[in-house]
Amino acid sequence: MNFGSDVFTDCVQIPAPVEDGEPLVPPLVASTTFVREGVDSESEHQYSRVSNPTVAALERSLGKLEGGLPALAFASGLAAETALFLALLKSGDHVLCSQALYGGTTRLLEQVLGGMGVSSTFVDTTRTEEVRANLRPETRLVFLETPANPTLDLTDVEAVSALAREVGAWVAVDNTFLTGVLQKPLALGADVSVVSTTKFVEGHSAALGGALITRDEELRERFEFVRKCTGGIQSPWSAWLTLQGLKTLPLRLQRQSASAKRLAAWLTTRPEVRRVHYPSLAKGEAAELANRQHLGAHGAVLSFELDGGTRTLNEFLRTLRLPRLVEHVGSVETLITHSASMTHAGLTSAQREKVGVTDDLLRLSIGLEDVLALRSDLECALNAARVGESTVVTASEGKS
């Protein structure tokens with residue numbers, strides 16, 4: 001894995017120049033209001049609904065990490081997406097989206113923006129020809145999530161961006177799973193990188209946040225205006241916590257990605273596991289894309305499908321000791337999610353089936369625990385699930 005010193009420099013706030021008495025840690029500025037000398041005076045910050053010094057420090061670092069202008073930080077990932085959609089779309093416009101997408105994004109597009117006259121089409125963006133076939137003259141935004149949540153499907157950002165430019169559409173990429181450490185959508189041709197900083201950037205399950213990053217000054221001004229109008233800015237406290245997490249982001253992703261790769265390969269050997277989703281397991285063109293688009297590693301998130309149905313699934317989850325069953329990814333602890341009943345519960349069974357979110361699929365976000373300890377715990381749970389399944393069959397046969 002290639003984690004160069006430039007990545008660490010982008011993540012860690014290094015004062016320049018360093019002066020005697022200057023704080024090593026960027027200060028938390030909790031004030032909502034900032035004093036002005038007079039009506040003609042100008043200052044960088046006036047009111048924290050518009051901007052704040054602590055939030056601005058985070059924005060500078062996130063922008064550098066993604067290779068763009070200073071980011072715009074929001075109260076959550078969905079708040080960032082809401083600002084993106086409000087800034088770029090109006091009634092009559094069309095959005096083309098990855099079909100494997102975070103459930104909250106799908107709800108926002110279909111149930112909120114749909115009622116405002118914005119139409120959305122969800123297609124398999126891993127197939128570039130499907131993107132081409134579904135672009136319309138009224139398509140204003142192509143929204144991608146790669147790797148997809150929770151199937152880890154990969155979309156060729158460069159190829160899709162070229163197609164979108166032909167019809168004058170913007171391209172936004174949800175970069176939450178990899179962050180700017182492992183993937184740089186703007187360098188691949190996207191107009192906007194969207195990150196839920198609640199996840200890997202903050203990394204400790206302590207602060208909600210989201211961000212939009214672009215290289216286009218006009219787009220950034222649009223996003224900033226919408227944030228000012230709607231009040232969706234991140235709080236100084238959450239921004240301060242996120243800054244602390246950002247400092248260790250490259251190190252965490254390096255360890256977590258290495259563990260995820262090992263565990264994904266091991267899970268493919270287990271008879272209880274029907275299928276494992278992780279980019280390092282890809283073959284052919286998908287493998288080439290993963291190696292070209294990702295920067296040395298493939299992230300901390302994998303997913304897998306168990307054989308045996310609901311009873312086996314529940315027995316497996318009950319037996320686990322290290323992974324915690326939560327609706328979350330990106331923490332220092334290993335987390336597991338049953339996507340069908342949690343992150344994607346708002347979708348119909350037909351919608352879930354179409355995007356590959358089966359009832360037997362589990363998403364695993366690898367933390368910082370020892371990889372052998374994690375493997376041992378997963379092995380115990382898989383063994384218990386298999387024994388529980390065979391016990392049920394035996395009991396049923398005995399009754400007959």
# chains A, B, ... in the order shown; residues from 1 in each chain; ligands from 1
>>> residues_around(residues="A:Thr197", least_positions_apart="2", cutoff="6 Å", atoms="only C-alpha atoms", output="list in words")
Val195, Lys199, Val201, Glu202, Gly209 and Gly210 of chain A
>>> write_last_selection(atoms="C-alpha atoms", output="CSV table (one decimal), in the first residue's frame")
chain,number,residue,atom,x,y,z
A,195,VAL,CA,-18.1,12.4,2.1
A,199,LYS,CA,-17.7,7.5,9.1
A,201,VAL,CA,-12.8,10.6,8.6
A,202,GLU,CA,-13.9,11.1,12.2
A,209,GLY,CA,-20.7,15.4,9.7
A,210,GLY,CA,-20.6,15.5,5.9
>>> select_by_dssp(residues="stretch 14-204 of chain A", states="helix (DSSP H, G or I)", output="JSON, numbers by chain")
{"A": [53, 54, 55, 56, 57, 58, 59, 60, 61, 62, 63, 64, 65, 66, 77, 78, 79, 80, 81, 82, 83, 84, 85, 86, 87, 88, 103, 104, 105, 106, 107, 108, 109, 110, 111, 112, 113, 114, 115, 116, 128, 129, 130, 131, 132, 133, 134, 157, 158, 159, 160, 161, 162, 163, 164, 165, 166, 179, 180, 181, 182, 185, 186, 187, 188]}
>>> closest_residue(among="A:Ala148, A:Asn291, A:Leu109, A:Leu84", to="A:Arg220", atoms="only C-alpha atoms")
A:Leu84
>>> residues_around(residues="stretch 270-287 of chain A", least_positions_apart="2", cutoff="10 Å", atoms="only C-alpha atoms", output="JSON, numbers by chain")
{"A": [126, 147, 150, 151, 152, 153, 154, 155, 156, 260, 261, 262, 263, 264, 265, 266, 267, 268, 289, 290, 291, 292, 293, 294, 297, 298, 299, 300, 301, 302, 303, 304, 305, 306, 307, 308, 312, 360, 361, 362, 363, 379, 382, 383, 385, 386]}
>>> write_last_selection(atoms="C-alpha atoms", output="compact mmCIF listing (two decimals), in the first residue's frame")
# COMPACT_ATOMS: atom_id res chain seq x y z
CA THR A 126 -20.84 -0.64 -13.26
CA PRO A 147 -17.45 1.27 -3.88
CA PRO A 150 -23.11 -2.56 0.76
CA THR A 151 -22.27 -4.61 -2.36
CA LEU A 152 -18.86 -2.96 -2.99
CA ASP A 153 -19.67 -2.71 -6.72
CA LEU A 154 -17.24 -0.43 -8.56
CA THR A 155 -18.09 2.24 -11.13
CA ASP A 156 -15.55 3.66 -13.57
CA ALA A 260 -10.24 -6.50 5.44
CA LYS A 261 -8.29 -8.02 2.55
CA ARG A 262 -7.13 -10.94 4.70
CA LEU A 263 -10.58 -11.58 6.17
CA ALA A 264 -12.30 -11.36 2.77
CA ALA A 265 -9.95 -14.00 1.37
CA TRP A 266 -10.49 -16.24 4.41
CA LEU A 267 -14.28 -15.93 4.26
CA THR A 268 -14.25 -17.30 0.71
CA LEU A 289 -10.59 -0.93 -12.40
CA ALA A 290 -10.09 -1.47 -8.66
CA ASN A 291 -6.32 -1.31 -9.02
CA ARG A 292 -6.46 1.74 -11.29
CA GLN A 293 -9.04 3.74 -9.35
CA HIS A 294 -7.99 2.96 -5.77
CA ALA A 297 -5.75 -0.43 -1.01
CA HIS A 298 -9.49 -1.07 -1.11
CA GLY A 299 -10.82 0.11 2.23
CA ALA A 300 -12.16 -1.41 5.42
CA VAL A 301 -15.64 -2.50 4.33
CA LEU A 302 -16.56 -5.92 2.97
CA SER A 303 -19.82 -7.83 2.81
CA PHE A 304 -20.76 -11.48 2.63
CA GLU A 305 -23.82 -13.67 2.24
CA LEU A 306 -24.54 -16.58 4.58
CA ASP A 307 -26.24 -19.82 3.64
CA GLY A 308 -28.96 -21.16 5.91
CA THR A 312 -28.48 -19.25 10.78
CA ASP A 360 -28.63 -13.05 3.99
CA LEU A 361 -26.13 -10.24 3.34
CA LEU A 362 -24.03 -8.82 6.18
CA ARG A 363 -21.79 -5.75 5.91
CA GLU A 379 -14.92 -18.60 12.94
CA LEU A 382 -19.81 -19.43 11.81
CA ASN A 383 -19.30 -22.78 13.53
CA ALA A 385 -24.44 -21.03 13.20
CA ARG A 386 -23.72 -24.26 11.34
>>> closest_atom_pairs(of="stretch 247-286 of chain A", to="stretch 367-376 of chain A", cutoff="8 Å", atoms="only C-alpha atoms", output="tab-separated table")
residue	atom	partner	partner_atom	distance
A:Arg252	CA	A:Leu368	CA	7.2
A:Arg255	CA	A:Leu368	CA	6.8
A:Gln256	CA	A:Gly367	CA	5.8
A:Ser259	CA	A:Val371	CA	5.7
A:Leu263	CA	A:Arg375	CA	6.8
>>> write_last_selection(atoms="all heavy atoms", output="PDB file, in the first residue's frame")
ATOM      1  N   ARG A 252      -5.183   4.521  10.135  1.00  0.00           N
ATOM      2  CA  ARG A 252      -6.316   3.623  10.390  1.00  0.00           C
ATOM      3  C   ARG A 252      -6.698   2.869   9.116  1.00  0.00           C
ATOM      4  O   ARG A 252      -6.909   1.659   9.141  1.00  0.00           O
ATOM      5  CB  ARG A 252      -7.511   4.426  10.924  1.00  0.00           C
ATOM      6  CG  ARG A 252      -7.342   4.870  12.362  1.00  0.00           C
ATOM      7  CD  ARG A 252      -8.588   5.533  12.912  1.00  0.00           C
ATOM      8  NE  ARG A 252      -8.738   6.915  12.485  1.00  0.00           N
ATOM      9  CZ  ARG A 252      -9.649   7.372  11.656  1.00  0.00           C
ATOM     10  NH1 ARG A 252     -10.534   6.548  11.099  1.00  0.00           N
ATOM     11  NH2 ARG A 252      -9.712   8.658  11.347  1.00  0.00           N
ATOM     12  N   ARG A 255      -4.222   0.016   8.246  1.00  0.00           N
ATOM     13  CA  ARG A 255      -4.409  -1.188   9.065  1.00  0.00           C
ATOM     14  C   ARG A 255      -5.742  -1.872   8.728  1.00  0.00           C
ATOM     15  O   ARG A 255      -5.811  -3.097   8.556  1.00  0.00           O
ATOM     16  CB  ARG A 255      -4.367  -0.787  10.544  1.00  0.00           C
ATOM     17  CG  ARG A 255      -4.822  -1.823  11.545  1.00  0.00           C
ATOM     18  CD  ARG A 255      -3.862  -2.993  11.663  1.00  0.00           C
ATOM     19  NE  ARG A 255      -4.291  -3.881  12.732  1.00  0.00           N
ATOM     20  CZ  ARG A 255      -3.823  -3.830  13.980  1.00  0.00           C
ATOM     21  NH1 ARG A 255      -2.914  -2.913  14.326  1.00  0.00           N
ATOM     22  NH2 ARG A 255      -4.242  -4.685  14.898  1.00  0.00           N
ATOM     23  N   GLN A 256      -6.798  -1.101   8.627  1.00  0.00           N
ATOM     24  CA  GLN A 256      -8.127  -1.671   8.394  1.00  0.00           C
ATOM     25  C   GLN A 256      -8.231  -2.317   7.020  1.00  0.00           C
ATOM     26  O   GLN A 256      -8.850  -3.380   6.870  1.00  0.00           O
ATOM     27  CB  GLN A 256      -9.187  -0.578   8.570  1.00  0.00           C
ATOM     28  CG  GLN A 256      -9.336  -0.116  10.015  1.00  0.00           C
ATOM     29  CD  GLN A 256     -10.119   1.179  10.132  1.00  0.00           C
ATOM     30  OE1 GLN A 256      -9.940   2.104   9.347  1.00  0.00           O
ATOM     31  NE2 GLN A 256     -11.002   1.256  11.118  1.00  0.00           N
ATOM     32  N   SER A 259      -6.413  -5.675   7.019  1.00  0.00           N
ATOM     33  CA  SER A 259      -7.196  -6.693   7.727  1.00  0.00           C
ATOM     34  C   SER A 259      -8.398  -7.125   6.899  1.00  0.00           C
ATOM     35  O   SER A 259      -8.728  -8.316   6.838  1.00  0.00           O
ATOM     36  CB  SER A 259      -7.657  -6.146   9.077  1.00  0.00           C
ATOM     37  OG  SER A 259      -6.557  -5.894   9.932  1.00  0.00           O
ATOM     38  N   LEU A 263      -9.331 -10.950   5.730  1.00  0.00           N
ATOM     39  CA  LEU A 263     -10.578 -11.578   6.166  1.00  0.00           C
ATOM     40  C   LEU A 263     -11.478 -11.926   4.982  1.00  0.00           C
ATOM     41  O   LEU A 263     -12.154 -12.962   4.990  1.00  0.00           O
ATOM     42  CB  LEU A 263     -11.307 -10.660   7.144  1.00  0.00           C
ATOM     43  CG  LEU A 263     -10.641 -10.523   8.516  1.00  0.00           C
ATOM     44  CD1 LEU A 263     -11.319  -9.438   9.330  1.00  0.00           C
ATOM     45  CD2 LEU A 263     -10.666 -11.852   9.272  1.00  0.00           C
TER      46      LEU A 263
END
>>> residues_around(residues="A:Glu110", least_positions_apart="6", cutoff="12 Å", atoms="only C-alpha atoms", output="ChimeraX atom specification")
/A:94-97,103-104,116-122,346-347
>>> write_last_selection(atoms="C-alpha atoms", output="JSON list (two decimals), in the first residue's frame")
[["chain", "number", "residue", "atom", "x", "y", "z"],
["A", 94, "HIS", "CA", -33.33, 14.32, -14.02],
["A", 95, "VAL", "CA", -30.76, 12.51, -11.84],
["A", 96, "LEU", "CA", -29.05, 9.32, -12.95],
["A", 97, "CYS", "CA", -27.84, 7.24, -10.00],
["A", 103, "GLY", "CA", -30.61, 3.80, 1.41],
["A", 104, "GLY", "CA", -30.86, 7.33, 2.82],
["A", 116, "MET", "CA", -40.63, 18.49, -5.98],
["A", 117, "GLY", "CA", -40.55, 17.47, -9.64],
["A", 118, "VAL", "CA", -37.04, 16.00, -9.81],
["A", 119, "SER", "CA", -36.98, 12.54, -11.39],
["A", 120, "SER", "CA", -34.38, 9.86, -10.66],
["A", 121, "THR", "CA", -33.33, 6.74, -12.52],
["A", 122, "PHE", "CA", -31.32, 4.03, -10.77],
["A", 346, "GLY", "CA", -36.84, 1.71, 3.76],
["A", 347, "LEU", "CA", -36.61, 0.02, 0.36]]
>>> residues_around(residues="A:Pro185", least_positions_apart="4", cutoff="10 Å", atoms="only C-alpha atoms", output="JSON, numbers by chain")
{"A": [66, 67, 146, 157, 158, 161, 171, 172, 173, 174, 175, 179, 180, 189, 190, 191, 192, 193, 194, 213, 214, 293, 294]}
>>> write_last_selection(atoms="N, CA and C atoms", output="PDB file, in the first residue's frame")
ATOM      1  N   GLU A  66      -8.720  15.772  -0.692  1.00  0.00           N
ATOM      2  CA  GLU A  66      -9.453  15.355  -1.884  1.00  0.00           C
ATOM      3  C   GLU A  66      -8.917  16.015  -3.156  1.00  0.00           C
ATOM      4  N   GLY A  67      -7.943  16.914  -3.026  1.00  0.00           N
ATOM      5  CA  GLY A  67      -7.389  17.576  -4.195  1.00  0.00           C
ATOM      6  C   GLY A  67      -8.287  18.640  -4.761  1.00  0.00           C
ATOM      7  N   THR A 146     -19.144   4.618  -5.230  1.00  0.00           N
ATOM      8  CA  THR A 146     -18.174   3.585  -5.573  1.00  0.00           C
ATOM      9  C   THR A 146     -17.005   3.628  -4.603  1.00  0.00           C
ATOM     10  N   VAL A 157     -15.332   5.893 -12.658  1.00  0.00           N
ATOM     11  CA  VAL A 157     -15.646   7.319 -12.526  1.00  0.00           C
ATOM     12  C   VAL A 157     -15.188   8.097 -13.747  1.00  0.00           C
ATOM     13  N   GLU A 158     -14.025   7.767 -14.263  1.00  0.00           N
ATOM     14  CA  GLU A 158     -13.490   8.496 -15.415  1.00  0.00           C
ATOM     15  C   GLU A 158     -14.374   8.316 -16.639  1.00  0.00           C
ATOM     16  N   SER A 161     -17.814  10.045 -16.119  1.00  0.00           N
ATOM     17  CA  SER A 161     -17.665  11.505 -16.162  1.00  0.00           C
ATOM     18  C   SER A 161     -17.577  11.996 -17.598  1.00  0.00           C
ATOM     19  N   VAL A 171     -21.175  15.438 -12.262  1.00  0.00           N
ATOM     20  CA  VAL A 171     -20.967  14.116 -11.660  1.00  0.00           C
ATOM     21  C   VAL A 171     -20.537  14.304 -10.207  1.00  0.00           C
ATOM     22  N   ALA A 172     -21.259  13.631  -9.318  1.00  0.00           N
ATOM     23  CA  ALA A 172     -20.900  13.620  -7.900  1.00  0.00           C
ATOM     24  C   ALA A 172     -20.649  12.180  -7.478  1.00  0.00           C
ATOM     25  N   VAL A 173     -19.639  11.978  -6.655  1.00  0.00           N
ATOM     26  CA  VAL A 173     -19.263  10.632  -6.201  1.00  0.00           C
ATOM     27  C   VAL A 173     -19.280  10.589  -4.687  1.00  0.00           C
ATOM     28  N   ASP A 174     -20.050   9.650  -4.138  1.00  0.00           N
ATOM     29  CA  ASP A 174     -20.000   9.401  -2.701  1.00  0.00           C
ATOM     30  C   ASP A 174     -18.698   8.659  -2.412  1.00  0.00           C
ATOM     31  N   ASN A 175     -17.776   9.330  -1.738  1.00  0.00           N
ATOM     32  CA  ASN A 175     -16.433   8.803  -1.481  1.00  0.00           C
ATOM     33  C   ASN A 175     -16.253   8.428  -0.016  1.00  0.00           C
ATOM     34  N   THR A 179     -12.570   7.640   1.181  1.00  0.00           N
ATOM     35  CA  THR A 179     -12.079   8.989   1.476  1.00  0.00           C
ATOM     36  C   THR A 179     -10.982   9.373   0.491  1.00  0.00           C
ATOM     37  N   GLY A 180     -10.480  10.578   0.632  1.00  0.00           N
ATOM     38  CA  GLY A 180      -9.415  11.047  -0.242  1.00  0.00           C
ATOM     39  C   GLY A 180      -8.096  10.337  -0.052  1.00  0.00           C
ATOM     40  N   GLY A 189     -12.207  12.951 -12.768  1.00  0.00           N
ATOM     41  CA  GLY A 189     -13.122  13.653 -13.657  1.00  0.00           C
ATOM     42  C   GLY A 189     -14.436  14.069 -13.042  1.00  0.00           C
ATOM     43  N   ALA A 190     -14.703  13.653 -11.798  1.00  0.00           N
ATOM     44  CA  ALA A 190     -15.948  14.051 -11.144  1.00  0.00           C
ATOM     45  C   ALA A 190     -15.909  15.532 -10.788  1.00  0.00           C
ATOM     46  N   ASP A 191     -17.093  16.127 -10.662  1.00  0.00           N
ATOM     47  CA  ASP A 191     -17.192  17.538 -10.289  1.00  0.00           C
ATOM     48  C   ASP A 191     -17.242  17.735  -8.780  1.00  0.00           C
ATOM     49  N   VAL A 192     -17.795  16.742  -8.074  1.00  0.00           N
ATOM     50  CA  VAL A 192     -17.987  16.871  -6.629  1.00  0.00           C
ATOM     51  C   VAL A 192     -17.670  15.541  -5.964  1.00  0.00           C
ATOM     52  N   SER A 193     -16.950  15.608  -4.857  1.00  0.00           N
ATOM     53  CA  SER A 193     -16.764  14.449  -3.989  1.00  0.00           C
ATOM     54  C   SER A 193     -17.596  14.676  -2.734  1.00  0.00           C
ATOM     55  N   VAL A 194     -18.412  13.675  -2.393  1.00  0.00           N
ATOM     56  CA  VAL A 194     -19.303  13.752  -1.237  1.00  0.00           C
ATOM     57  C   VAL A 194     -18.801  12.768  -0.180  1.00  0.00           C
ATOM     58  N   ILE A 213     -16.776  18.560  -1.684  1.00  0.00           N
ATOM     59  CA  ILE A 213     -15.501  19.088  -2.152  1.00  0.00           C
ATOM     60  C   ILE A 213     -15.546  19.179  -3.669  1.00  0.00           C
ATOM     61  N   THR A 214     -15.108  20.309  -4.199  1.00  0.00           N
ATOM     62  CA  THR A 214     -15.072  20.514  -5.643  1.00  0.00           C
ATOM     63  C   THR A 214     -13.851  21.343  -5.997  1.00  0.00           C
ATOM     64  N   GLN A 293      -8.267   2.662  -9.964  1.00  0.00           N
ATOM     65  CA  GLN A 293      -9.041   3.740  -9.349  1.00  0.00           C
ATOM     66  C   GLN A 293      -8.717   3.931  -7.868  1.00  0.00           C
ATOM     67  N   HIS A 294      -8.302   2.878  -7.197  1.00  0.00           N
ATOM     68  CA  HIS A 294      -7.992   2.965  -5.768  1.00  0.00           C
ATOM     69  C   HIS A 294      -6.492   3.176  -5.566  1.00  0.00           C
TER      70      HIS A 294
END
>>> closest_residue(among="A:Cys380, A:Leu78, A:Ala162, A:Val50", to="A:Ser196", atoms="only C-alpha atoms")
A:Leu78
>>> residues_around(residues="stretch 36-49 of chain A", least_positions_apart="2", cutoff="7 Å", atoms="only C-alpha atoms", output="list in words")
Thr32, Thr33, Phe34, Ser51, Asn52, Lys228, Gly231 and Ile233 of chain A
>>> closest_atom_pairs(of="stretch 71-121 of chain A", to="stretch 238-243 of chain A", cutoff="10 Å", atoms="only C-alpha atoms", output="Markdown table")
| residue | atom | partner | partner_atom | distance |
| --- | --- | --- | --- | --- |
| A:Ala73 | CA | A:Ala239 | CA | 8.1 |
| A:Phe74 | CA | A:Ala239 | CA | 9.2 |
| A:Ala75 | CA | A:Ser238 | CA | 8.2 |
| A:Ser76 | CA | A:Ser238 | CA | 10.0 |
>>> write_last_selection(atoms="C-alpha atoms", output="mmCIF file, in the first residue's frame")
data_model
loop_
_atom_site.group_PDB
_atom_site.id
_atom_site.type_symbol
_atom_site.label_atom_id
_atom_site.label_comp_id
_atom_site.auth_asym_id
_atom_site.auth_seq_id
_atom_site.Cartn_x
_atom_site.Cartn_y
_atom_site.Cartn_z
ATOM 1 C CA ALA A 73 -18.696 20.949 6.020
ATOM 2 C CA PHE A 74 -22.258 20.013 6.939
ATOM 3 C CA ALA A 75 -24.081 18.620 9.954
ATOM 4 C CA SER A 76 -24.299 15.152 8.377
#
>>> residues_around(residues="A:Leu295", least_positions_apart="5", cutoff="12 Å", atoms="only C-alpha atoms", output="ChimeraX atom specification")
/A:1-4,7,178-185,187-188,250,253-254,257,289-290
>>> write_last_selection(atoms="all heavy atoms", output="compact mmCIF listing (two decimals), in the first residue's frame")
# COMPACT_ATOMS: atom_id res chain seq x y z
N MET A 1 0.83 -1.20 0.00
CA MET A 1 0.00 0.00 0.00
C MET A 1 0.86 1.25 0.00
O MET A 1 1.87 1.31 0.70
CB MET A 1 -0.89 0.00 1.24
CG MET A 1 -2.13 -0.86 1.10
SD MET A 1 -3.11 -0.86 2.60
CE MET A 1 -2.67 -2.44 3.27
N ASN A 2 0.45 2.23 -0.75
CA ASN A 2 1.24 3.44 -0.88
C ASN A 2 0.59 4.58 -0.10
O ASN A 2 -0.34 5.22 -0.57
CB ASN A 2 1.38 3.82 -2.36
CG ASN A 2 2.19 5.07 -2.56
OD1 ASN A 2 2.99 5.44 -1.69
ND2 ASN A 2 2.00 5.75 -3.68
N PHE A 3 1.09 4.79 1.11
CA PHE A 3 0.58 5.88 1.93
C PHE A 3 1.75 6.86 2.12
O PHE A 3 2.52 6.76 3.07
CB PHE A 3 0.10 5.37 3.29
CG PHE A 3 -1.17 4.57 3.21
CD1 PHE A 3 -1.17 3.26 2.82
CD2 PHE A 3 -2.38 5.17 3.50
CE1 PHE A 3 -2.35 2.53 2.74
CE2 PHE A 3 -3.57 4.45 3.42
CZ PHE A 3 -3.55 3.13 3.03
N GLY A 4 1.89 7.77 1.17
CA GLY A 4 3.02 8.68 1.19
C GLY A 4 2.88 9.77 2.25
O GLY A 4 1.83 9.99 2.83
N VAL A 7 0.03 12.41 2.10
CA VAL A 7 -1.28 12.09 2.65
C VAL A 7 -1.35 12.49 4.12
O VAL A 7 -2.32 13.07 4.59
CB VAL A 7 -1.58 10.59 2.49
CG1 VAL A 7 -2.89 10.22 3.19
CG2 VAL A 7 -1.66 10.23 1.02
N LEU A 178 -13.89 5.19 1.00
CA LEU A 178 -12.45 5.24 0.77
C LEU A 178 -11.81 6.55 1.20
O LEU A 178 -10.63 6.57 1.55
CB LEU A 178 -12.15 4.98 -0.71
CG LEU A 178 -12.54 3.60 -1.24
CD1 LEU A 178 -12.11 3.45 -2.69
CD2 LEU A 178 -11.96 2.49 -0.40
N THR A 179 -12.57 7.64 1.18
CA THR A 179 -12.08 8.99 1.48
C THR A 179 -10.98 9.37 0.49
O THR A 179 -10.56 8.57 -0.35
CB THR A 179 -11.56 9.14 2.93
OG1 THR A 179 -10.24 8.56 3.05
CG2 THR A 179 -12.50 8.49 3.92
N GLY A 180 -10.48 10.58 0.63
CA GLY A 180 -9.41 11.05 -0.24
C GLY A 180 -8.10 10.34 -0.05
O GLY A 180 -7.18 10.52 -0.85
N VAL A 181 -7.98 9.52 0.99
CA VAL A 181 -6.76 8.74 1.18
C VAL A 181 -6.63 7.66 0.12
O VAL A 181 -5.54 7.42 -0.41
CB VAL A 181 -6.73 8.11 2.60
CG1 VAL A 181 -5.55 7.16 2.75
CG2 VAL A 181 -6.67 9.20 3.66
N LEU A 182 -7.72 7.00 -0.22
CA LEU A 182 -7.68 5.84 -1.11
C LEU A 182 -8.33 6.07 -2.47
O LEU A 182 -8.23 5.20 -3.35
CB LEU A 182 -8.34 4.63 -0.43
CG LEU A 182 -7.63 4.08 0.80
CD1 LEU A 182 -8.39 2.90 1.38
CD2 LEU A 182 -6.20 3.68 0.48
N GLN A 183 -9.02 7.19 -2.66
CA GLN A 183 -9.65 7.46 -3.95
C GLN A 183 -9.87 8.96 -4.09
O GLN A 183 -10.31 9.61 -3.15
CB GLN A 183 -10.99 6.72 -4.05
CG GLN A 183 -11.73 6.93 -5.36
CD GLN A 183 -12.94 6.02 -5.48
OE1 GLN A 183 -12.90 5.00 -6.13
NE2 GLN A 183 -14.04 6.39 -4.83
N LYS A 184 -9.57 9.48 -5.27
CA LYS A 184 -9.72 10.92 -5.51
C LYS A 184 -10.64 11.14 -6.71
O LYS A 184 -10.17 11.25 -7.86
CB LYS A 184 -8.35 11.57 -5.71
CG LYS A 184 -7.44 11.45 -4.48
CD LYS A 184 -6.24 12.34 -4.57
CE LYS A 184 -5.28 12.11 -3.41
NZ LYS A 184 -5.86 12.47 -2.10
N PRO A 185 -11.94 11.21 -6.47
CA PRO A 185 -12.90 11.35 -7.58
C PRO A 185 -12.66 12.57 -8.44
O PRO A 185 -12.89 12.53 -9.66
CB PRO A 185 -14.25 11.44 -6.85
CG PRO A 185 -14.02 10.73 -5.55
CD PRO A 185 -12.61 11.05 -5.18
N ALA A 187 -9.89 13.95 -9.31
CA ALA A 187 -8.80 13.67 -10.24
C ALA A 187 -9.24 12.72 -11.34
O ALA A 187 -8.63 12.67 -12.42
CB ALA A 187 -7.60 13.09 -9.50
N LEU A 188 -10.33 11.98 -11.10
CA LEU A 188 -10.86 11.03 -12.09
C LEU A 188 -11.90 11.66 -13.00
O LEU A 188 -12.44 10.99 -13.87
CB LEU A 188 -11.46 9.82 -11.36
CG LEU A 188 -10.47 8.96 -10.58
CD1 LEU A 188 -11.23 7.96 -9.70
CD2 LEU A 188 -9.52 8.23 -11.51
N PRO A 250 -5.07 8.13 7.66
CA PRO A 250 -4.25 7.25 6.82
C PRO A 250 -3.77 6.00 7.54
O PRO A 250 -3.79 4.90 6.97
CB PRO A 250 -3.06 8.15 6.41
CG PRO A 250 -3.57 9.54 6.57
CD PRO A 250 -4.49 9.49 7.75
N LEU A 253 -6.80 3.59 8.00
CA LEU A 253 -7.19 2.93 6.75
C LEU A 253 -6.15 1.92 6.28
O LEU A 253 -6.49 0.88 5.69
CB LEU A 253 -7.44 3.97 5.66
CG LEU A 253 -8.80 4.67 5.71
CD1 LEU A 253 -8.89 5.73 4.63
CD2 LEU A 253 -9.94 3.66 5.55
N GLN A 254 -4.89 2.20 6.54
CA GLN A 254 -3.84 1.25 6.19
C GLN A 254 -4.03 -0.06 6.94
O GLN A 254 -4.03 -1.14 6.34
CB GLN A 254 -2.47 1.85 6.50
CG GLN A 254 -1.30 0.98 6.10
CD GLN A 254 0.02 1.66 6.39
OE1 GLN A 254 0.17 2.38 7.37
NE2 GLN A 254 1.00 1.46 5.51
N SER A 257 -7.64 -1.69 6.01
CA SER A 257 -7.68 -2.25 4.66
C SER A 257 -6.92 -3.57 4.59
O SER A 257 -7.38 -4.53 3.94
CB SER A 257 -7.09 -1.26 3.66
OG SER A 257 -7.84 -0.07 3.59
N LEU A 289 -10.02 -2.20 -12.83
CA LEU A 289 -10.59 -0.93 -12.40
C LEU A 289 -10.25 -0.65 -10.94
O LEU A 289 -9.88 0.48 -10.58
CB LEU A 289 -12.11 -0.94 -12.59
CG LEU A 289 -12.86 0.28 -12.07
CD1 LEU A 289 -12.40 1.55 -12.78
CD2 LEU A 289 -14.37 0.09 -12.23
N ALA A 290 -10.39 -1.66 -10.08
CA ALA A 290 -10.09 -1.47 -8.66
C ALA A 290 -8.65 -1.03 -8.47
O ALA A 290 -8.36 -0.10 -7.69
CB ALA A 290 -10.35 -2.77 -7.90
>>> closest_residue(among="A:Gly68, A:Ile336, A:Leu86, A:Leu28", to="A:Cys229", atoms="only C-alpha atoms")
A:Leu86
